[in-house]
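One structure below.
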Amino acid sequence: MPNITFTSPIMKKDKTIYAVAGNTATILALAKEHSIPIPFECGDGDCASCLIEVTHLDSKPAMAMTLTEKEKARLKELQMITAEEIEAAEVSDVPPKFRLACQFIPRDEDVMVHFTGTPGGS
Ligand code: FES
């Protein structure tokens, strides 16, 4: 069961939630459920307003959840991911640093999610 810790300068303190095993909710859906104010607009990978930085906290090897085509395109436009990082995620399961909260479904591992509170900030 993963612990997901949200941190942001716009939050009074960090908040850790426990995602239910097998849950396929995105980080954005979990944030909304727990009143965590990650900015978002489209909710569908088109606007990049939900940009987050993800740090893996587990001692076990990190797992890269597949990036959606929309997520790859938006992150490339923002220059928040390189072709090498995309290949590393897809071939070697090495997670990229930046994700879109509306596209990223956490796996069974502990992660820290940082967001600035500014749409498109990470
Ligand atoms: Fe638009 Fe995530 S809310 S890309």
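Letters for chains follow the order of the structure tokens (A, B, ...), residue numbers begin at 1 for each chain, and ligand numbers begin at 1 in the order shown.
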
**Request:** Go through the chains and note each residue within 6 Å of ligand 1, using only C-alpha atoms and all ligand atoms, then give the set as an MDAnalysis selection string.
**Result:** chainID A and resid 40:50 100:102

Would you mind exporting the chosen residues as a PDB file, in the first residue's frame, restricted to C-alpha atoms?
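Contents of again.pdb, as written:
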ATOM      1  CA  PHE A  40      -5.550  21.672 -12.928  1.00  0.00           C
ATOM      2  CA  GLU A  41      -7.649  22.736 -15.870  1.00  0.00           C
ATOM      3  CA  CYS A  42      -8.405  20.058 -18.471  1.00  0.00           C
ATOM      4  CA  GLY A  43      -7.933  16.924 -16.354  1.00  0.00           C
ATOM      5  CA  ASP A  44      -7.020  15.073 -19.536  1.00  0.00           C
ATOM      6  CA  GLY A  45      -3.327  15.614 -20.334  1.00  0.00           C
ATOM      7  CA  ASP A  46      -3.814  18.591 -22.630  1.00  0.00           C
ATOM      8  CA  CYS A  47      -2.928  21.722 -20.647  1.00  0.00           C
ATOM      9  CA  ALA A  48       0.023  20.760 -18.377  1.00  0.00           C
ATOM     10  CA  SER A  49      -1.360  22.909 -15.556  1.00  0.00           C
ATOM     11  CA  CYS A  50      -1.044  19.905 -13.217  1.00  0.00           C
ATOM     12  CA  LEU A 100       1.330  15.317 -15.065  1.00  0.00           C
ATOM     13  CA  ALA A 101      -0.842  14.652 -12.028  1.00  0.00           C
ATOM     14  CA  CYS A 102      -3.867  13.872 -14.206  1.00  0.00           C
TER      15      CYS A 102
END

**Message:** Give me, as a list in words, all polymer residues having an atom no more than 12 Å from Leu78 of chain A, counting only C-alpha atoms and skipping those fewer than 2 positions away in the same chain.
**Reply:**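 So, after excluding close chain neighbours, the residues are Cys47, Ala48, Ser49, Leu51, Glu71, Lys72, Ala73, Arg74, Leu75, Lys76, Met80, Ile81, Thr82, Phe98, Arg99, Leu100, Gly120, Gly121 and Ser122 of chain A.
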
**Fill in**
Pairwise distance, atom CA of Thr118 of chain A with atom CA of Gln103 of chain A, equals 18.1 Å

**Item:** Contacts of Val111 of chain A within 8 Å, only C-alpha atoms, excl. fewer than 3 positions in-chain, as a VMD selection string
**Value:** chain A and resid 2 to 5 54 to 58

**Request:** Point out the residue among A:Val113, A:Val94, A:Ile52, A:Ala89 with the least atom-to-atom distance to Thr68 of chain A, counting only C-alpha atoms.
**Result:** A:Ala89

Which residues of segment 46-117 of chain A come within 10 Å of segment 11-18 of chain A, and what is each one's closest atom pair and distance in Å (one decimal), counting only C-alpha atoms, sorted by chain and residue number, as a tab-separated table?
residue	atom	partner	partner_atom	distance
A:Asp110	CA	A:Tyr18	CA	9.2
A:Val111	CA	A:Thr16	CA	9.6
A:Met112	CA	A:Thr16	CA	8.7
A:Val113	CA	A:Asp14	CA	9.8
A:His114	CA	A:Asp14	CA	9.6
A:Phe115	CA	A:Met11	CA	9.8
A:Thr116	CA	A:Met11	CA	9.5
A:Gly117	CA	A:Met11	CA	8.8

Output C-alpha atoms for every residue in that selection, as a compact mmCIF listing (two decimals), in the first residue's frame.
# COMPACT_ATOMS: atom_id res chain seq x y z
CA ASP A 110 6.09 5.52 -1.55
CA VAL A 111 6.45 8.81 -3.39
CA MET A 112 6.69 12.53 -2.60
CA VAL A 113 4.70 14.79 -4.90
CA HIS A 114 5.81 18.42 -5.06
CA PHE A 115 3.83 21.18 -6.73
CA THR A 116 4.24 24.94 -6.60
CA GLY A 117 0.58 25.88 -6.67

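Candidate residues A:Glu77, A:Asp108, A:Asp93, A:Glu84 were compared for distance to Gly22 of chain A, and the nearest is A:Asp108, using only C-alpha atoms.
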
**Asked** Taking into account only C-alpha atoms, which residue in the set A:Ile38, A:Ile86, A:Ala25, A:Val91 is nearest to Glu69 of chain A?
**Response** A:Ile86

**Prompt:** Quick one, how far is atom CA of Pro96 of chain A from atom CA of Met63 of chain A?
**Reply:** 9.9 Å

**Message:** Given only C-alpha atoms as the basis, pick out the residue of A:Thr7, A:Arg107, A:Lys97, A:Thr24 nearest to Gln79 of chain A.
**Reply:**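 Checking each of A:Thr7, A:Arg107, A:Lys97, A:Thr24 against Gln79 of chain A, counting only C-alpha atoms, the winner is A:Lys97.
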
**Message:** For the structure I just gave you, how does DSSP split chain A - specifically, which residues are strand (DSSP E)? Reply as a PyMOL selection string.
**Reply:** chain A and resi 3-7+15-18+51-56+98-100+111-114
